[in-house]
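Q: One structure coming up, written as structure tokens, with questions to follow.
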Amino acid sequence: MIKQIIFLVILLITLGVFTYSTLKYFRYFKFTKKKPLGDIGKRIRKTITVALFQEKILRRPVIGFMHALVWWGFILILFGSIEMILDGLFGTERILAILGPVYDFIMASGDISAFVITLLIIAFLFRRLFMHIKRFYGPEMKPVSKMDANLALTIIFILMITLLGMNTYYLVWCDATGEIVHGSYPVSKYFVGLFSGIPVEQLWMGYQINWWAHIVWIFIFANILPYSKHFHVFMSVPSVFVSSVKPVGYTENMESITKEVKLMMDPDAAFEDVQESEDDPERFGVKDIEDVNWVNYLNSLACTECGRCTSVCPANITGKLLSPRKIMMDTRARMKQKGPGLVKAGKDYDDGSSLVRTFITEEELWACTQCNACVYECPVSIDQASLILDMRRYLVMEESKAPAGLNTVFSNIENNGAPWQFSPEDRMLWSEGLEVLQLADGKTPEYLFWVGSAGAFDDRYKKVTREFVKILNHLKVDYAVLGVEETDSGDVARRSGNEMLFQMQAMMNIEIMNGYEIKNIITCDPHDFNTLKNEYPDFGGNYNVIHHSQFLQQQIKQGKLKIDGNEFQGKKITFHDPCYLGRANDEYDAPRSVLNEISSSNVEMKRHSSFALCCGAGGGQMFKEAEKGDKEVFIERTEEALETGCDIIATACPFCMVMMTDGLKYKNKEEDILNYDIAELVSKSMGL
């Protein structure tokens, strides 16, 4: 009975302290913005694959599998921990042994897991203490972060040793007293010989010491976690569950902006069903912690500072200030700083600091290429890129503080319908000498060929547009273009933070395309492909959108397109994955299957497919000066392509083509190495 009372007191203290520690986080959530959740079925499936089966962490097979074993082991050991709590409360011994064979299996699994985790923790501590793993370091990683990690690993080590010790002493005690052994312990049984000859009383004492040490350390660890980055033990599964189930390239719509745009475009419609509100006008974007939505804040609590996001960030790789890990750490730190004041004084509390500038500089925000590599890599599905974008939205729409190059782009899109200062009337100059039908001619075709601003105005990519049209004409595809009625998709504006300009462009384009009853769209631009396919539906633009690589793949599979020329015989080609075709929309096979039909040999870069490095043009980077760093992103990527010994760098994106071409010029390789779009490779191979 004394044991039960002591256990109950310790348990109540543990629960009380844990409740006190976690309640403050829940109080902070009420100061974040609302964000509805839907698609529960998809969320459950994602949680099972990403959280339970560790799909993302296994992208790095060796260290990922080691971590996954620890996670799975903890799940198995959890059963035994629950049993210990029941035994402690009711004064029983192995209360769940009534489960019979199931109990034997779970105890055996827990025993094996404890041994495996012990070895893995030793390996993890060795890595942290004696190996210089680059992602464990960085300006944001203070000594306390390293101490935090080492403390957590040490406690886990103690837990596993005490569990193995408890099982071993239990087996020895049962053997000495003739008691029936409940459960199976395939690892601990090998340690039994080390304790033979010890008096029964001491064996029982050893068992009790390990039992109490194990359960008390569990309680201590549980109450350390809310003050540690290892709070992700509790928060990672919820973080995965609430993460986006849309394609990675999808950007959340800002309803507040939609209302403003509708007001500008159609004042009468804007006032329909509008209810008066006495609330203060909503701030556009994120300036401070109360502007983030509750999912963003939950993400920050789930961040374990592993650095996988930062290790794949093209800006950070090339020496720039941006670290996606720091973005999440700063979000968490800002709420920790301001949260108590908000709780006491309410939402109007102001301490003179803010998330933007005080914690996160403009230089960091504008270094992001919005490639989503960080989002794709995060083991718990944190969306760092969307938070960066929201802070850009604040800078652009509330303070009009975009880099000079982007302000020029915004002005050009507003006035000319393209990022460059060309007349809208010049949108069809690329087609000179080609037979191209325009929708205004009166016929609704099977396909709309969305040329895009780069395809219409960029000197290099106009050649790609022409070659792809030759293929369309050769295949006698029923298509047409919008011609001078086409205007910029708005992708650059949206990724640069100018949500209002994006939505204006989107609504204008959708009105035109819906007027022509467009159903199918082909485009060579992955950025426009992503925008038209994933984001235009939010505004009533629902189309079947395919990238030109997918179209070519379909035509080849159907036997309509035969590539039988030897133009590139003996040439070595490497393919650069566009971020908004690959990571954003999970399309890696189409361009490669097309290249496989060309008479050449194909080689992959070190980082390819879902691991591919960004070219450095996205997020508006192509139109602005790069932030200070060791080198430009496009140079890093070009160097990686050159390491393959290729003769041709193949691309499937106008932005990528510009950056890779610039990279070849920078490396003085433009005479030796060619840069072609896959449409050009196909067209030239066919002699069109």
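So you can find residues: chains in the structure tokens are A, B, ... in the order shown, residues in each start at 1, and ligands are numbered from 1 in order.
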Using the chain letters and numbers from this document, which residues of stretch 264-503 of chain A does DSSP assign to alpha helix (DSSP H), as number ranges by chain?

A: A: 264-265, 267-270, 294-302, 308-312, 314-317, 324-345, 362-366, 373-377, 384-397, 404-416, 452-457, 459-474, 491-495, 499-503

Q: With only C-alpha atoms as the counted atoms, please give the residues lying no more than 10 Å from A:Ile13, apart from itself and same-chain residues fewer than 6 positions off, as a ChimeraX atom specification.

A: /A:7,19,219

Q: Hey, can you spit out that residue selection with all heavy atoms as a short mmCIF file (atom, residue, chain, number, x, y, z; two decimals), in the first residue's frame?

A:
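Dumped everything to part.cif:
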data_model
loop_
_atom_site.label_atom_id
_atom_site.label_comp_id
_atom_site.auth_asym_id
_atom_site.auth_seq_id
_atom_site.Cartn_x
_atom_site.Cartn_y
_atom_site.Cartn_z
N PHE A 7 3.60 6.01 -5.30
CA PHE A 7 3.46 6.07 -6.76
C PHE A 7 2.37 7.07 -7.16
O PHE A 7 2.56 7.87 -8.09
CB PHE A 7 3.13 4.69 -7.32
CG PHE A 7 3.06 4.66 -8.82
CD1 PHE A 7 4.20 4.50 -9.58
CD2 PHE A 7 1.84 4.81 -9.49
CE1 PHE A 7 4.14 4.49 -10.97
CE2 PHE A 7 1.77 4.81 -10.86
CZ PHE A 7 2.93 4.64 -11.60
N THR A 19 0.65 19.30 -16.90
CA THR A 19 -0.52 20.09 -17.28
C THR A 19 -0.22 21.57 -17.22
O THR A 19 -0.56 22.34 -18.14
CB THR A 19 -1.71 19.76 -16.35
OG1 THR A 19 -2.01 18.37 -16.45
CG2 THR A 19 -2.94 20.57 -16.75
N PHE A 219 8.68 9.92 -16.05
CA PHE A 219 7.94 11.08 -15.57
C PHE A 219 8.78 12.35 -15.66
O PHE A 219 8.28 13.42 -16.04
CB PHE A 219 7.48 10.85 -14.13
CG PHE A 219 6.43 9.77 -13.97
CD1 PHE A 219 6.18 9.19 -12.73
CD2 PHE A 219 5.71 9.33 -15.06
CE1 PHE A 219 5.21 8.20 -12.59
CE2 PHE A 219 4.73 8.33 -14.94
CZ PHE A 219 4.49 7.77 -13.70
#

Q: What does the distance from atom CA of A:Pro101 to atom CA of A:His182 come to in Å, to one decimal?

A: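 Straight-line distance from atom CA of A:Pro101 to atom CA of A:His182 works out to 9.9 Å.
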
Q: For A:His214, work out the shell of residues within 7 Å, counting only C-alpha atoms and skipping chain neighbours fewer than 5 positions away, then give it as a list in words.

A: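 Final neighbour list, sorted by chain and number: Leu159, Thr162 and Leu163 of chain A.
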
Q: Keeping N, CA, C and O atoms, export the residues of the selection given above as a JSON list (two decimals), in the first residue's frame.

A:
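To be explicit, this is the file written out as part.json:
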[["chain", "number", "residue", "atom", "x", "y", "z"],
["A", 159, "LEU", "N", 16.77, 5.27, -19.64],
["A", 159, "LEU", "CA", 15.49, 4.55, -19.69],
["A", 159, "LEU", "C", 15.66, 3.14, -20.25],
["A", 159, "LEU", "O", 15.07, 2.18, -19.75],
["A", 162, "THR", "N", 17.65, 0.91, -17.71],
["A", 162, "THR", "CA", 16.82, 0.51, -16.56],
["A", 162, "THR", "C", 15.75, -0.49, -16.98],
["A", 162, "THR", "O", 15.38, -1.37, -16.20],
["A", 163, "LEU", "N", 15.26, -0.37, -18.22],
["A", 163, "LEU", "CA", 14.27, -1.34, -18.70],
["A", 163, "LEU", "C", 14.90, -2.72, -18.85],
["A", 163, "LEU", "O", 14.34, -3.74, -18.42]]

Q: Excluding A:Val469 and residues on its chain fewer than 3 positions from it, collect all residues at most 10 Å away from it, counting only C-alpha atoms, and give them as a list in words.

A: Ser431, Leu434, Glu435, Val436, Phe449, Val451, Lys463, Val464, Thr465, Arg466, Leu472, Asn473, His474, Leu475, Val477, Tyr479, Ala679 and Ser683 of chain A

Q: Suppose we keep N, CA and C atoms; can you now write the selection as a CSV table (one decimal), in the first residue's frame?

A:
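Saved file part33.csv follows:
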chain,number,residue,atom,x,y,z
A,431,SER,N,5.6,33.8,-83.0
A,431,SER,CA,5.0,32.8,-83.9
A,431,SER,C,5.2,33.2,-85.3
A,434,LEU,N,5.0,30.8,-88.4
A,434,LEU,CA,4.3,29.5,-88.0
A,434,LEU,C,2.8,29.6,-88.1
A,435,GLU,N,2.2,28.5,-88.3
A,435,GLU,CA,0.7,28.5,-88.4
A,435,GLU,C,0.2,28.2,-87.0
A,436,VAL,N,-0.3,29.3,-86.4
A,436,VAL,CA,-0.8,29.2,-85.0
A,436,VAL,C,-2.2,29.8,-84.9
A,449,PHE,N,-3.0,26.1,-75.7
A,449,PHE,CA,-1.6,26.1,-75.5
A,449,PHE,C,-1.3,27.4,-74.7
A,451,VAL,N,1.1,29.9,-73.6
A,451,VAL,CA,2.4,30.2,-73.9
A,451,VAL,C,3.2,30.7,-72.7
A,463,LYS,N,12.4,30.4,-78.6
A,463,LYS,CA,12.8,29.3,-79.5
A,463,LYS,C,12.2,28.0,-79.0
A,464,VAL,N,12.0,27.8,-77.7
A,464,VAL,CA,11.4,26.6,-77.2
A,464,VAL,C,9.9,26.5,-77.6
A,465,THR,N,9.3,27.7,-77.5
A,465,THR,CA,7.9,27.8,-77.8
A,465,THR,C,7.7,27.4,-79.3
A,466,ARG,N,8.5,27.9,-80.1
A,466,ARG,CA,8.4,27.6,-81.6
A,466,ARG,C,8.6,26.1,-81.8
A,472,LEU,N,3.4,20.2,-82.1
A,472,LEU,CA,2.0,20.2,-82.1
A,472,LEU,C,1.4,20.2,-83.5
A,473,ASN,N,2.0,21.0,-84.4
A,473,ASN,CA,1.5,21.0,-85.8
A,473,ASN,C,1.8,19.7,-86.5
A,474,HIS,N,3.0,19.1,-86.2
A,474,HIS,CA,3.3,17.8,-86.8
A,474,HIS,C,2.4,16.7,-86.4
A,475,LEU,N,1.9,16.8,-85.1
A,475,LEU,CA,1.0,15.8,-84.6
A,475,LEU,C,-0.5,16.1,-85.0
A,477,VAL,N,-2.4,18.3,-83.7
A,477,VAL,CA,-3.1,18.5,-82.5
A,477,VAL,C,-4.1,19.7,-82.6
A,479,TYR,N,-5.4,22.6,-81.3
A,479,TYR,CA,-5.0,23.5,-80.2
A,479,TYR,C,-5.1,25.0,-80.8
A,679,ALA,N,11.6,19.9,-75.4
A,679,ALA,CA,10.9,20.1,-76.6
A,679,ALA,C,11.8,20.3,-77.8
A,683,SER,N,12.1,18.0,-81.1
A,683,SER,CA,12.0,18.6,-82.4
A,683,SER,C,13.2,18.4,-83.3
